[in-house]
file work-v6.txt (compact mmCIF, C-alpha atoms and all ligand atoms)
# COMPACT_ATOMS: atom_id res chain seq x y z
CA MET V 1 52.65 -4.48 23.47
CA GLU V 2 52.26 -0.77 24.15
CA LYS V 3 50.31 0.10 27.27
CA TYR V 4 48.47 3.01 25.59
CA ASP V 5 46.83 3.54 22.22
CA LEU V 6 47.57 7.23 22.25
CA LEU V 7 50.14 9.46 23.93
CA ILE V 8 49.24 13.15 23.98
CA VAL V 9 51.90 15.72 24.78
CA GLY V 10 50.25 18.79 26.30
CA SER V 11 47.00 19.16 28.22
CA GLY V 12 45.88 22.42 26.61
CA LEU V 13 42.64 22.70 24.70
CA PHE V 14 44.05 20.87 21.68
CA GLY V 15 45.41 17.92 23.65
CA ALA V 16 42.32 17.70 25.85
CA THR V 17 39.96 17.71 22.84
CA CYS V 18 41.97 14.88 21.28
CA ALA V 19 41.95 12.99 24.59
CA TYR V 20 38.19 13.31 24.89
CA GLU V 21 37.60 12.09 21.33
CA ALA V 22 40.00 9.16 21.76
CA VAL V 23 38.56 8.06 25.12
CA SER V 24 35.08 8.26 23.58
CA LEU V 25 36.29 5.75 20.97
CA GLY V 26 37.49 3.42 23.74
CA LYS V 27 41.20 4.23 23.33
CA ARG V 28 43.68 4.05 26.19
CA VAL V 29 45.15 7.54 26.48
CA LEU V 30 48.15 8.97 28.34
CA VAL V 31 48.54 12.76 28.58
CA LEU V 32 51.88 14.31 29.56
CA GLU V 33 51.98 17.92 30.70
CA LYS V 34 55.14 19.77 31.61
CA ARG V 35 53.41 22.45 33.71
CA ASP V 36 52.18 21.60 37.19
CA HIS V 37 48.57 21.95 36.06
CA ILE V 38 46.33 20.97 33.16
CA GLY V 39 44.67 23.35 30.69
CA GLY V 40 47.59 25.08 28.97
CA ASN V 41 46.88 28.75 28.40
CA ILE V 42 43.17 28.60 29.10
CA TYR V 43 43.81 27.57 32.72
CA THR V 44 41.69 29.42 35.30
CA GLU V 45 41.93 29.32 39.09
CA LYS V 46 39.81 30.76 41.89
CA VAL V 47 41.27 33.76 43.72
CA GLU V 48 39.05 35.55 46.27
CA GLY V 49 36.04 33.71 44.80
CA ILE V 50 36.79 34.98 41.30
CA ASP V 51 37.88 32.86 38.32
CA VAL V 52 41.25 34.27 37.33
CA HIS V 53 42.48 33.64 33.79
CA ARG V 54 46.13 33.02 34.64
CA TYR V 55 47.43 33.29 31.08
CA GLY V 56 45.36 36.18 29.78
CA ALA V 57 41.67 36.81 29.17
CA HIS V 58 39.90 34.02 27.33
CA ILE V 59 36.50 34.61 25.79
CA PHE V 60 35.04 31.72 23.86
CA HIS V 61 33.49 32.79 20.56
CA THR V 62 32.61 30.92 17.40
CA THR V 63 30.31 30.86 14.40
CA ASP V 64 30.38 27.07 14.33
CA LYS V 65 27.36 25.56 16.07
CA LYS V 66 28.98 22.14 16.29
CA ILE V 67 31.95 23.57 18.21
CA TRP V 68 29.68 25.64 20.45
CA GLU V 69 27.59 22.58 21.30
CA PHE V 70 30.76 20.56 21.90
CA ILE V 71 32.24 23.03 24.39
CA ASN V 72 28.87 23.47 26.13
CA LYS V 73 28.92 19.74 27.00
CA PHE V 74 31.57 20.52 29.60
CA SER V 75 30.19 23.66 31.24
CA GLU V 76 27.31 26.05 30.96
CA PHE V 77 28.34 29.38 29.40
CA ASN V 78 27.07 32.78 30.50
CA SER V 79 26.00 35.54 28.12
CA PHE V 80 29.16 37.65 28.44
CA VAL V 81 29.80 39.89 25.44
CA ASN V 82 33.30 41.29 25.17
CA SER V 83 33.15 45.10 24.90
CA PRO V 84 36.63 46.33 25.75
CA ILE V 85 37.56 49.94 26.29
CA ALA V 86 40.64 51.64 24.85
CA ASN V 87 42.45 54.18 26.99
CA TYR V 88 44.73 56.46 24.97
CA LYS V 89 46.46 59.00 27.23
CA GLY V 90 43.32 59.16 29.37
CA GLU V 91 40.92 59.47 26.43
CA ILE V 92 38.37 56.65 26.46
CA TYR V 93 37.15 54.96 23.26
CA ASN V 94 34.94 51.98 22.54
CA LEU V 95 36.29 48.96 20.71
CA PRO V 96 36.11 47.38 18.22
CA PHE V 97 36.11 50.23 15.73
CA ASN V 98 32.47 51.23 15.46
CA MET V 99 30.17 54.26 15.45
CA ASN V 100 30.85 54.90 19.16
CA THR V 101 34.58 55.09 18.37
CA PHE V 102 34.12 57.30 15.30
CA SER V 103 31.65 59.56 17.05
CA LYS V 104 34.09 60.24 19.89
CA MET V 105 37.13 60.52 17.60
CA PHE V 106 35.61 62.69 14.82
CA GLY V 107 32.54 64.28 16.45
CA VAL V 108 30.27 62.58 13.88
CA ALA V 109 26.80 61.15 14.49
CA THR V 110 25.77 59.13 11.44
CA PRO V 111 27.39 56.33 9.42
CA ASP V 112 27.56 58.57 6.35
CA GLU V 113 29.42 61.26 8.28
CA ALA V 114 31.86 58.68 9.64
CA LYS V 115 32.39 57.17 6.19
CA ALA V 116 33.07 60.61 4.70
CA VAL V 117 35.87 61.25 7.24
CA LEU V 118 37.35 57.79 6.75
CA GLU V 119 37.13 58.04 2.98
CA LYS V 120 39.45 61.07 3.03
CA GLN V 121 41.90 59.47 5.45
CA ARG V 122 42.01 56.15 3.62
CA ALA V 123 42.92 57.87 0.36
CA GLU V 124 46.61 57.92 1.34
CA ILE V 125 46.74 54.14 0.71
CA SER V 126 46.36 53.00 -2.87
CA GLY V 127 46.37 49.39 -4.00
CA GLU V 128 46.55 46.25 -1.87
CA PRO V 129 47.90 47.02 1.67
CA GLN V 130 51.38 45.55 2.02
CA ASN V 131 51.74 45.55 5.79
CA LEU V 132 49.82 46.12 9.03
CA GLU V 133 50.20 49.92 8.93
CA GLU V 134 48.79 50.20 5.41
CA GLN V 135 46.06 47.70 6.22
CA ALA V 136 45.04 49.61 9.35
CA ILE V 137 44.97 53.00 7.61
CA SER V 138 42.97 51.58 4.74
CA LEU V 139 40.45 50.15 7.21
CA VAL V 140 40.04 52.95 9.75
CA GLY V 141 42.14 55.93 8.65
CA ARG V 142 45.21 57.55 10.19
CA ASP V 143 43.60 59.06 13.32
CA VAL V 144 42.27 55.76 14.63
CA TYR V 145 45.51 54.08 13.58
CA THR V 146 47.63 56.59 15.48
CA LYS V 147 45.60 56.59 18.69
CA LEU V 148 44.27 53.03 18.95
CA ILE V 149 46.48 50.77 16.87
CA LYS V 150 50.07 51.91 16.39
CA GLY V 151 51.23 52.01 20.03
CA TYR V 152 49.34 48.91 21.12
CA THR V 153 50.53 46.86 18.16
CA GLU V 154 54.17 47.95 18.38
CA LYS V 155 54.41 47.03 22.06
CA GLN V 156 52.48 43.78 21.54
CA TRP V 157 54.75 42.61 18.72
CA ASN V 158 57.88 44.71 19.38
CA ARG V 159 58.05 45.53 15.70
CA ASP V 160 57.20 48.50 13.56
CA CYS V 161 53.70 48.23 12.09
CA LYS V 162 55.33 48.38 8.65
CA ASP V 163 57.11 45.09 9.42
CA LEU V 164 54.03 43.16 10.50
CA PRO V 165 51.62 41.12 8.39
CA ALA V 166 48.29 42.74 7.54
CA PHE V 167 46.19 39.78 8.70
CA ILE V 168 46.75 40.53 12.41
CA ILE V 169 44.59 43.65 12.26
CA LYS V 170 41.98 42.06 10.01
CA ARG V 171 40.90 40.03 13.07
CA LEU V 172 39.16 43.12 14.44
CA PRO V 173 35.71 44.12 13.16
CA VAL V 174 35.08 47.59 11.68
CA ARG V 175 31.40 48.54 11.86
CA PHE V 176 29.18 51.46 11.02
CA THR V 177 26.71 50.60 13.78
CA TYR V 178 26.74 51.53 17.48
CA ASP V 179 27.73 48.00 18.46
CA ASN V 180 30.59 47.42 20.93
CA ASN V 181 30.67 43.63 20.62
CA TYR V 182 34.35 42.81 19.97
CA PHE V 183 33.45 39.70 17.99
CA ASN V 184 31.21 39.10 14.98
CA ASP V 185 30.60 35.48 15.96
CA ARG V 186 27.14 34.07 16.55
CA PHE V 187 28.09 32.32 19.84
CA GLN V 188 30.04 33.84 22.72
CA GLY V 189 30.43 33.42 26.47
CA ILE V 190 32.49 32.51 29.51
CA PRO V 191 32.15 29.09 31.17
CA THR V 192 30.38 29.44 34.51
CA LEU V 193 32.56 26.65 35.93
CA GLY V 194 35.83 28.11 34.59
CA TYR V 195 38.01 26.70 31.82
CA THR V 196 39.96 24.36 34.10
CA ALA V 197 36.76 22.42 34.86
CA ILE V 198 36.17 22.05 31.11
CA ILE V 199 39.62 20.55 30.62
CA GLU V 200 39.21 18.28 33.67
CA ARG V 201 36.00 16.91 32.20
CA MET V 202 37.52 16.49 28.76
CA LEU V 203 40.39 14.50 30.24
CA LYS V 204 38.15 12.11 32.16
CA GLY V 205 39.13 8.55 31.36
CA ALA V 206 42.66 9.48 30.27
CA GLU V 207 45.73 9.04 32.48
CA VAL V 208 47.27 12.46 33.09
CA ARG V 209 50.79 13.14 34.37
CA THR V 210 51.64 16.76 35.12
CA GLY V 211 55.16 18.09 35.72
CA VAL V 212 56.53 15.83 32.96
CA ASN V 213 58.50 17.16 30.01
CA PHE V 214 58.15 14.74 27.13
CA LEU V 215 61.31 16.04 25.48
CA ASP V 216 63.40 14.99 28.50
CA ASP V 217 62.96 11.34 27.47
CA LYS V 218 61.25 11.37 24.10
CA GLU V 219 62.08 7.85 22.92
CA ALA V 220 61.03 6.20 26.20
CA TYR V 221 57.68 8.01 26.21
CA LEU V 222 57.09 7.25 22.53
CA SER V 223 57.58 3.54 23.22
CA LEU V 224 54.59 3.59 25.59
CA ALA V 225 51.94 4.17 22.92
CA LYS V 226 50.97 3.19 19.38
CA GLN V 227 50.44 6.81 18.33
CA CYS V 228 51.56 10.19 19.60
CA ILE V 229 50.11 13.69 19.28
CA TYR V 230 52.50 16.50 20.17
CA THR V 231 51.13 20.00 20.97
CA GLY V 232 54.32 21.81 22.06
CA PRO V 233 56.46 24.12 19.88
CA ILE V 234 57.42 22.36 16.66
CA ASP V 235 60.94 23.80 16.54
CA GLU V 236 61.66 22.66 20.10
CA TYR V 237 60.63 19.09 19.17
CA PHE V 238 63.39 19.08 16.56
CA GLY V 239 65.96 20.60 18.93
CA TYR V 240 65.85 23.89 16.98
CA GLU V 241 67.84 22.07 14.27
CA PHE V 242 67.08 24.64 11.57
CA GLY V 243 66.94 27.66 13.88
CA LYS V 244 64.38 29.13 16.23
CA LEU V 245 60.92 30.25 15.25
CA GLU V 246 59.99 33.58 16.80
CA TYR V 247 57.23 33.84 19.39
CA ARG V 248 55.91 36.64 21.56
CA SER V 249 55.79 36.02 25.25
CA LEU V 250 53.88 37.78 28.02
CA ARG V 251 54.46 38.63 31.66
CA PHE V 252 51.32 38.75 33.79
CA LYS V 253 51.20 40.87 36.92
CA THR V 254 48.18 39.99 39.05
CA GLU V 255 47.04 42.05 42.04
CA ILE V 256 44.23 41.69 44.57
CA LEU V 257 42.73 45.13 45.24
CA GLN V 258 40.60 46.19 48.20
CA GLU V 259 38.05 47.69 45.84
CA GLU V 260 34.73 46.39 44.65
CA ASN V 261 34.99 47.62 41.08
CA HIS V 262 38.30 48.85 39.70
CA GLN V 263 37.69 49.66 36.04
CA GLY V 264 34.02 48.88 35.39
CA VAL V 265 34.70 46.49 32.51
CA ALA V 266 36.57 43.20 31.99
CA VAL V 267 39.20 44.51 29.55
CA VAL V 268 40.86 47.91 29.15
CA ASN V 269 43.45 48.26 26.38
CA TYR V 270 46.18 50.84 26.94
CA THR V 271 46.93 51.91 23.41
CA GLU V 272 49.79 54.40 23.90
CA ARG V 273 53.36 53.19 23.44
CA GLU V 274 54.62 54.75 26.70
CA ILE V 275 52.61 52.49 29.05
CA PRO V 276 54.46 49.16 29.07
CA TYR V 277 51.44 46.89 29.43
CA THR V 278 48.84 46.37 26.70
CA ARG V 279 45.77 45.37 28.70
CA VAL V 280 44.36 45.35 32.21
CA ILE V 281 41.91 42.55 32.92
CA GLU V 282 39.46 42.78 35.81
CA HIS V 283 38.46 39.14 36.12
CA LYS V 284 35.25 39.47 38.14
CA HIS V 285 33.45 41.16 35.23
CA PHE V 286 33.68 37.97 33.15
CA ASN V 287 31.42 36.12 35.57
CA TYR V 288 29.48 39.01 37.13
CA VAL V 289 30.80 38.07 40.59
CA GLU V 290 29.81 40.31 43.50
CA THR V 291 32.62 40.48 46.06
CA PRO V 292 34.12 43.33 48.11
CA LYS V 293 37.56 42.76 46.56
CA THR V 294 38.72 42.52 42.99
CA VAL V 295 41.57 40.86 41.06
CA ILE V 296 43.27 42.57 38.13
CA THR V 297 46.02 41.41 35.77
CA LYS V 298 48.30 43.61 33.74
CA GLU V 299 49.63 42.05 30.55
CA TYR V 300 53.22 43.00 29.57
CA PRO V 301 54.40 41.79 26.15
CA THR V 302 57.99 40.53 26.06
CA ASP V 303 60.37 38.97 23.58
CA TRP V 304 60.37 35.21 23.78
CA ARG V 305 63.56 33.35 24.70
CA GLU V 306 64.13 29.79 25.84
CA GLY V 307 62.67 29.26 29.30
CA LEU V 308 59.71 31.63 28.78
CA GLU V 309 56.26 30.50 27.60
CA PRO V 310 55.72 31.10 23.89
CA TYR V 311 52.23 32.63 23.56
CA TYR V 312 51.94 34.06 20.06
CA PRO V 313 53.55 32.78 16.86
CA VAL V 314 55.03 35.66 14.85
CA ASN V 315 53.65 34.73 11.44
CA ASN V 316 55.80 36.90 9.19
CA GLU V 317 57.32 35.63 5.97
CA LYS V 318 60.64 34.59 7.48
CA ASN V 319 59.06 32.53 10.26
CA ASN V 320 56.45 31.00 7.99
CA GLU V 321 59.24 29.81 5.66
CA LEU V 322 61.12 28.27 8.58
CA TYR V 323 57.92 26.67 9.84
CA LYS V 324 57.51 24.99 6.45
CA VAL V 325 60.93 23.37 6.89
CA TYR V 326 59.89 21.97 10.28
CA ALA V 327 56.48 20.93 8.98
CA GLU V 328 58.24 18.92 6.27
CA CYS V 329 60.32 17.14 8.95
CA ALA V 330 57.13 16.57 10.95
CA ARG V 331 55.55 14.76 8.03
CA LYS V 332 58.35 12.19 8.14
CA GLU V 333 57.86 11.51 11.87
CA LYS V 334 55.53 8.93 13.31
CA VAL V 335 54.26 11.67 15.63
CA LEU V 336 51.32 13.94 14.73
CA PHE V 337 51.62 17.68 15.40
CA GLY V 338 48.69 19.89 16.41
CA GLY V 339 47.66 23.08 18.19
CA ARG V 340 48.78 26.67 18.29
CA LEU V 341 52.46 25.90 18.92
CA ALA V 342 52.91 22.75 16.85
CA GLN V 343 51.05 24.22 13.84
CA TYR V 344 52.55 27.68 14.48
CA LYS V 345 49.20 29.38 13.83
CA TYR V 346 47.34 32.19 15.60
CA PHE V 347 44.47 29.87 16.59
CA ASP V 348 41.59 31.06 18.73
CA MET V 349 39.98 28.43 20.95
CA ASP V 350 37.37 27.50 18.37
CA ASP V 351 40.08 27.12 15.70
CA THR V 352 41.98 24.92 18.13
CA VAL V 353 38.99 22.64 18.69
CA ALA V 354 38.32 22.52 14.92
CA ALA V 355 41.96 21.57 14.23
CA ALA V 356 41.80 18.85 16.91
CA PHE V 357 38.60 17.44 15.39
CA GLU V 358 40.29 17.37 11.98
CA LEU V 359 43.37 15.58 13.26
CA MET V 360 41.32 13.00 15.17
CA ALA V 361 39.04 12.36 12.20
CA GLY V 362 42.14 11.60 10.10
CA LEU V 363 43.71 9.44 12.80
CA TYR V 364 40.78 7.16 13.55
CA ASN V 365 38.80 7.53 10.31
CA THR V 366 35.76 8.91 12.08
P1 LIG I 1 48.45 25.50 24.77
O1 LIG I 1 47.35 26.02 25.60
O2 LIG I 1 49.71 26.30 24.66
O3 LIG I 1 48.79 24.04 25.28
C1 LIG I 1 49.99 23.36 24.98
C2 LIG I 1 50.36 22.58 26.22
O4 LIG I 1 51.46 21.73 25.92
C3 LIG I 1 50.81 23.49 27.37
O5 LIG I 1 50.09 23.17 28.54
C4 LIG I 1 52.29 23.17 27.50
O6 LIG I 1 52.75 23.29 28.84
C5 LIG I 1 52.33 21.73 27.02
N1 LIG I 1 53.65 21.30 26.53
C6 LIG I 1 54.43 21.94 25.62
N2 LIG I 1 55.57 21.27 25.44
C7 LIG I 1 55.51 20.17 26.24
C8 LIG I 1 56.41 19.11 26.52
N3 LIG I 1 57.60 19.02 25.91
N4 LIG I 1 56.06 18.15 27.42
C9 LIG I 1 54.85 18.22 28.05
N5 LIG I 1 53.96 19.23 27.84
C10 LIG I 1 54.29 20.19 26.94
N6 LIG I 1 41.37 32.31 22.13
C11 LIG I 1 40.04 32.63 22.09
O7 LIG I 1 39.26 31.94 21.43
N7 LIG I 1 39.54 33.69 22.82
C12 LIG I 1 40.34 34.48 23.58
O8 LIG I 1 39.85 35.43 24.21
C13 LIG I 1 41.74 34.18 23.62
N8 LIG I 1 42.57 34.94 24.35
C14 LIG I 1 43.90 34.65 24.39
C15 LIG I 1 44.74 35.46 25.13
C16 LIG I 1 46.09 35.17 25.21
C17 LIG I 1 46.99 36.05 26.03
C18 LIG I 1 46.62 34.06 24.48
C19 LIG I 1 48.10 33.76 24.53
C20 LIG I 1 45.80 33.26 23.72
C21 LIG I 1 44.43 33.54 23.66
N9 LIG I 1 43.55 32.73 22.93
C22 LIG I 1 42.22 33.05 22.88
C23 LIG I 1 44.04 31.53 22.19
C24 LIG I 1 43.98 30.25 23.05
O9 LIG I 1 44.80 30.41 24.18
C25 LIG I 1 44.46 29.06 22.20
O10 LIG I 1 43.62 28.87 21.08
C26 LIG I 1 44.52 27.73 22.95
O11 LIG I 1 44.95 27.86 24.27
C27 LIG I 1 45.47 26.80 22.21
O12 LIG I 1 45.51 25.54 22.84
P2 LIG I 1 46.72 24.56 22.59
O13 LIG I 1 46.37 23.29 23.29
O14 LIG I 1 47.05 24.51 21.15
O15 LIG I 1 48.00 25.26 23.26
N1 LIG I 2 44.96 45.83 18.32
C1 LIG I 2 45.21 47.18 18.39
N2 LIG I 2 44.60 47.92 19.37
C2 LIG I 2 43.75 47.37 20.25
C3 LIG I 2 43.49 45.99 20.17
C4 LIG I 2 44.12 45.24 19.20
O1 LIG I 2 45.99 47.70 17.61
O2 LIG I 2 43.24 48.09 21.12
C5 LIG I 2 45.66 45.05 17.26
C6 LIG I 2 46.98 44.46 17.74
O3 LIG I 2 47.87 44.46 16.66
C7 LIG I 2 46.61 43.05 18.11
C8 LIG I 2 45.58 42.73 17.03
O4 LIG I 2 44.86 43.96 16.85
O5 LIG I 2 47.73 42.18 18.07
C9 LIG I 2 44.62 41.61 17.38
O6 LIG I 2 43.93 41.97 18.57
P1 LIG I 2 43.23 40.90 19.48
O7 LIG I 2 42.51 41.61 20.57
O8 LIG I 2 42.46 39.97 18.61
O9 LIG I 2 44.52 40.16 20.08
P2 LIG I 2 44.69 38.92 21.07
O10 LIG I 2 43.46 38.88 21.95
O11 LIG I 2 44.86 37.73 20.19
O12 LIG I 2 45.93 39.28 21.81

call {"tool": "encode", "arguments": {"input": "work-v6.txt", "output": "structure tokens", "more": "lines below"}}
Ligand code: FAD
Ligand code: UDP
result
Amino acid sequence: MEKYDLLIVGSGLFGATCAYEAVSLGKRVLVLEKRDHIGGNIYTEKVEGIDVHRYGAHIFHTTDKKIWEFINKFSEFNSFVNSPIANYKGEIYNLPFNMNTFSKMFGVATPDEAKAVLEKQRAEISGEPQNLEEQAISLVGRDVYTKLIKGYTEKQWNRDCKDLPAFIIKRLPVRFTYDNNYFNDRFQGIPTLGYTAIIERMLKGAEVRTGVNFLDDKEAYLSLAKQCIYTGPIDEYFGYEFGKLEYRSLRFKTEILQEENHQGVAVVNYTEREIPYTRVIEHKHFNYVETPKTVITKEYPTDWREGLEPYYPVNNEKNNELYKVYAECARKEKVLFGGRLAQYKYFDMDDTVAAAFELMAGLYNT
């Protein structure tokens, strides 16, 4: 008889949501995590009294009330609204692309004036945009593309904008109002207790082993439980049998500064190609902490290779085709695959929770 009903590989948001749902149904759950801490990429830790997002800024946002209510069970959320600033060679612009951006870029004051400028610039693209460059120009024109998109995107993805899928840029709102809210979603905030506390609470009732790589002894771990959910990279599970999927990785450089307020906002995007990092995060602004010091993190995009953390799937045609091959293999396994790495999808946190709900509903017929 197996000791556990469910083995979950990975203690990120996907694994923790599944663990919570399974424990709620009275299942015996074992979670294996290869890092020395729980939480995956949403992990936060206190530094100088400030919650530091170790793997990049995480702002929870969703339109789905059910998901918002679910996540609020584990921590209160504050009323943080993400309003990042773009710095292009010292020129400051508001994001996402809105009347504040257009006013500064074109010297216009009204939506009609902004639309008239964009109309002219968009005219260079006819028909359905075929790549990120065409999509960006057709949304916001060449000036905004050149100053705020091209450099940032090419360093983030290490590819020419012509070789990237259009959907990446469609994530960002374009508005003809003076509204700097980066997201269109109805619900948004930062957990007052930090994300790690959320994961801890979700995992209550499950047995958790950190510092354990499931793939080091796959068969032995699988024999411990009736079912298994795997949330690591799908290609790694299959020993890269059909080749490697491409991911983007990141290097984070965190510094404690003897300053009260370094940049006046949580996120500044550096949109020129020449500066090697994409964003600087000043963590205290997420939680409105008042301290004499501050903690900042610079985010440097890098190519992924074995041994580095894979952060972003590169969902171009080639990789999506290869993913389909692995997904077909996955269907034949007893194991279930879920999350940003196992489904090879650019999931935000709310998408991750939704995907975990879906998988659990299928597994236990709830
Ligand atoms: P992960 O967090 O990657 O968890 C997978 C876990 O599995 C990891 O802990 C890993 O160590 C473990 N694991 C893998 N292989 C094994 C193995 N063999 N054995 C044991 N353990 C294993 N979303 C938002 O909604 N808002 C944001 O502002 C936002 N910002 C982001 C910024 C960055 C820089 C990044 C990279 C992502 C951001 N996201 C954001 C997305 C968010 O991080 C994901 O939606 C979420 O973390 C996905 O959870 P997951 O459990 O699928 O994956
Ligand atoms: N982007 C950009 N300039 C910016 C911010 C974003 O060109 O100042 C583009 C870039 O291609 C990025 C995409 O928009 O990959 C999505 O941005 P988002 O902030 O949603 O990225 P994430 O937080 O997922 O890294």

call {"tool": "residues_near_ligand", "arguments": {"input": "work-v6.txt", "ligand": "ligand LIG 1 (chain I)", "cutoff": "7 Å", "atoms": "all atoms listed in the file", "output": "PyMOL selection string"}}
result
chain V and resi 9-15+32-35+38-42+55-61+212-215+231-233+311-312+338-341+347-352

call {"tool": "write_last_selection", "arguments": {"input": "work-v6.txt", "atoms": "C-alpha atoms", "output": "compact mmCIF listing (two decimals), keeping the file's coordinate frame"}}
result
# COMPACT_ATOMS: atom_id res chain seq x y z
CA VAL V 9 51.90 15.72 24.78
CA GLY V 10 50.25 18.79 26.30
CA SER V 11 47.00 19.16 28.22
CA GLY V 12 45.88 22.42 26.61
CA LEU V 13 42.64 22.70 24.70
CA PHE V 14 44.05 20.87 21.68
CA GLY V 15 45.41 17.92 23.65
CA LEU V 32 51.88 14.31 29.56
CA GLU V 33 51.98 17.92 30.70
CA LYS V 34 55.14 19.77 31.61
CA ARG V 35 53.41 22.45 33.71
CA ILE V 38 46.33 20.97 33.16
CA GLY V 39 44.67 23.35 30.69
CA GLY V 40 47.59 25.08 28.97
CA ASN V 41 46.88 28.75 28.40
CA ILE V 42 43.17 28.60 29.10
CA TYR V 55 47.43 33.29 31.08
CA GLY V 56 45.36 36.18 29.78
CA ALA V 57 41.67 36.81 29.17
CA HIS V 58 39.90 34.02 27.33
CA ILE V 59 36.50 34.61 25.79
CA PHE V 60 35.04 31.72 23.86
CA HIS V 61 33.49 32.79 20.56
CA VAL V 212 56.53 15.83 32.96
CA ASN V 213 58.50 17.16 30.01
CA PHE V 214 58.15 14.74 27.13
CA LEU V 215 61.31 16.04 25.48
CA THR V 231 51.13 20.00 20.97
CA GLY V 232 54.32 21.81 22.06
CA PRO V 233 56.46 24.12 19.88
CA TYR V 311 52.23 32.63 23.56
CA TYR V 312 51.94 34.06 20.06
CA GLY V 338 48.69 19.89 16.41
CA GLY V 339 47.66 23.08 18.19
CA ARG V 340 48.78 26.67 18.29
CA LEU V 341 52.46 25.90 18.92
CA PHE V 347 44.47 29.87 16.59
CA ASP V 348 41.59 31.06 18.73
CA MET V 349 39.98 28.43 20.95
CA ASP V 350 37.37 27.50 18.37
CA ASP V 351 40.08 27.12 15.70
CA THR V 352 41.98 24.92 18.13

call {"tool": "residues_around", "arguments": {"input": "work-v6.txt", "residues": "Thr278 in chain V", "least_positions_apart": "2", "cutoff": "7 Å", "atoms": "all atoms listed in the file", "output": "PDB file with C-alpha atoms, in the frame of the given file"}}
result
ATOM      1  CA  TYR V 152      49.340  48.910  21.120  1.00  0.00           C
ATOM      2  CA  GLN V 156      52.480  43.780  21.540  1.00  0.00           C
ATOM      3  CA  ASN V 269      43.450  48.260  26.380  1.00  0.00           C
ATOM      4  CA  TYR V 270      46.180  50.840  26.940  1.00  0.00           C
ATOM      5  CA  THR V 271      46.930  51.910  23.410  1.00  0.00           C
ATOM      6  CA  PRO V 276      54.460  49.160  29.070  1.00  0.00           C
ATOM      7  CA  GLU V 299      49.630  42.050  30.550  1.00  0.00           C
ATOM      8  CA  TYR V 300      53.220  43.000  29.570  1.00  0.00           C
TER       9      TYR V 300
END

call {"tool": "closest_atom_pairs", "arguments": {"input": "work-v6.txt", "of": "range 133-227 of chain V", "to": "range 20-29 of chain V", "cutoff": "8 Å", "atoms": "all atoms listed in the file", "output": "JSON lines"}}
result
{"residue": "V:Met202", "atom": "CA", "partner": "V:Tyr20", "partner_atom": "CA", "distance": 5.1}
{"residue": "V:Leu203", "atom": "CA", "partner": "V:Tyr20", "partner_atom": "CA", "distance": 5.9}
{"residue": "V:Lys204", "atom": "CA", "partner": "V:Tyr20", "partner_atom": "CA", "distance": 7.4}
{"residue": "V:Gly205", "atom": "CA", "partner": "V:Val23", "partner_atom": "CA", "distance": 6.3}
{"residue": "V:Ala206", "atom": "CA", "partner": "V:Val29", "partner_atom": "CA", "distance": 4.9}
{"residue": "V:Glu207", "atom": "CA", "partner": "V:Val29", "partner_atom": "CA", "distance": 6.2}

call {"tool": "write_last_selection", "arguments": {"input": "work-v6.txt", "atoms": "C-alpha atoms", "output": "PDB file, keeping the file's coordinate frame"}}
result
ATOM      1  CA  MET V 202      37.520  16.490  28.760  1.00  0.00           C
ATOM      2  CA  LEU V 203      40.390  14.500  30.240  1.00  0.00           C
ATOM      3  CA  LYS V 204      38.150  12.110  32.160  1.00  0.00           C
ATOM      4  CA  GLY V 205      39.130   8.550  31.360  1.00  0.00           C
ATOM      5  CA  ALA V 206      42.660   9.480  30.270  1.00  0.00           C
ATOM      6  CA  GLU V 207      45.730   9.040  32.480  1.00  0.00           C
TER       7      GLU V 207
END

call {"tool": "atom_distance", "arguments": {"input": "work-v6.txt", "atom1": "CA of Tyr346 in chain V", "atom2": "CA of Pro313 in chain V"}}
result
6.4 Å

call {"tool": "residues_around", "arguments": {"input": "work-v6.txt", "residues": "Lys104 in chain V", "least_positions_apart": "5", "cutoff": "10 Å", "atoms": "all atoms listed in the file", "output": "ChimeraX atom specification"}}
result
/V:91-94,99,109

call {"tool": "closest_residue", "arguments": {"input": "work-v6.txt", "among": "V:Glu133, V:Asp36, V:Asp64, V:Glu45", "to": "ligand LIG 2 (chain I)", "atoms": "all atoms listed in the file"}}
result
V:Glu133

call {"tool": "residues_around", "arguments": {"input": "work-v6.txt", "residues": "Phe238 in chain V", "least_positions_apart": "5", "cutoff": "9 Å", "atoms": "all atoms listed in the file", "output": "PDB file with C-alpha atoms, in the coordinates of the input"}}
result
ATOM      1  CA  TYR V 326      59.890  21.970  10.280  1.00  0.00           C
ATOM      2  CA  CYS V 329      60.320  17.140   8.950  1.00  0.00           C
ATOM      3  CA  ALA V 330      57.130  16.570  10.950  1.00  0.00           C
TER       4      ALA V 330
END

call {"tool": "closest_residue", "arguments": {"input": "work-v6.txt", "among": "V:Arg186, V:Lys120, V:Lys244, V:Lys162", "to": "ligand LIG 2 (chain I)", "atoms": "only C-alpha atoms and all ligand atoms"}}
result
V:Lys162

call {"tool": "residues_around", "arguments": {"input": "work-v6.txt", "residues": "Phe77 in chain V", "least_positions_apart": "6", "cutoff": "12 Å", "atoms": "only C-alpha atoms", "output": "list in words"}}
result
Ile59, Phe60, His61, Trp68, Glu69, Phe70, Ile71, Phe187, Gln188, Gly189, Ile190, Pro191, Thr192, Leu193, Gly194, Tyr195, Ile198, Phe286 and Asn287 of chain V

call {"tool": "closest_residue", "arguments": {"input": "work-v6.txt", "among": "V:Gly49, V:Val295, V:Asn98, V:Glu236", "to": "Leu257 in chain V", "atoms": "only C-alpha atoms"}}
result
V:Val295
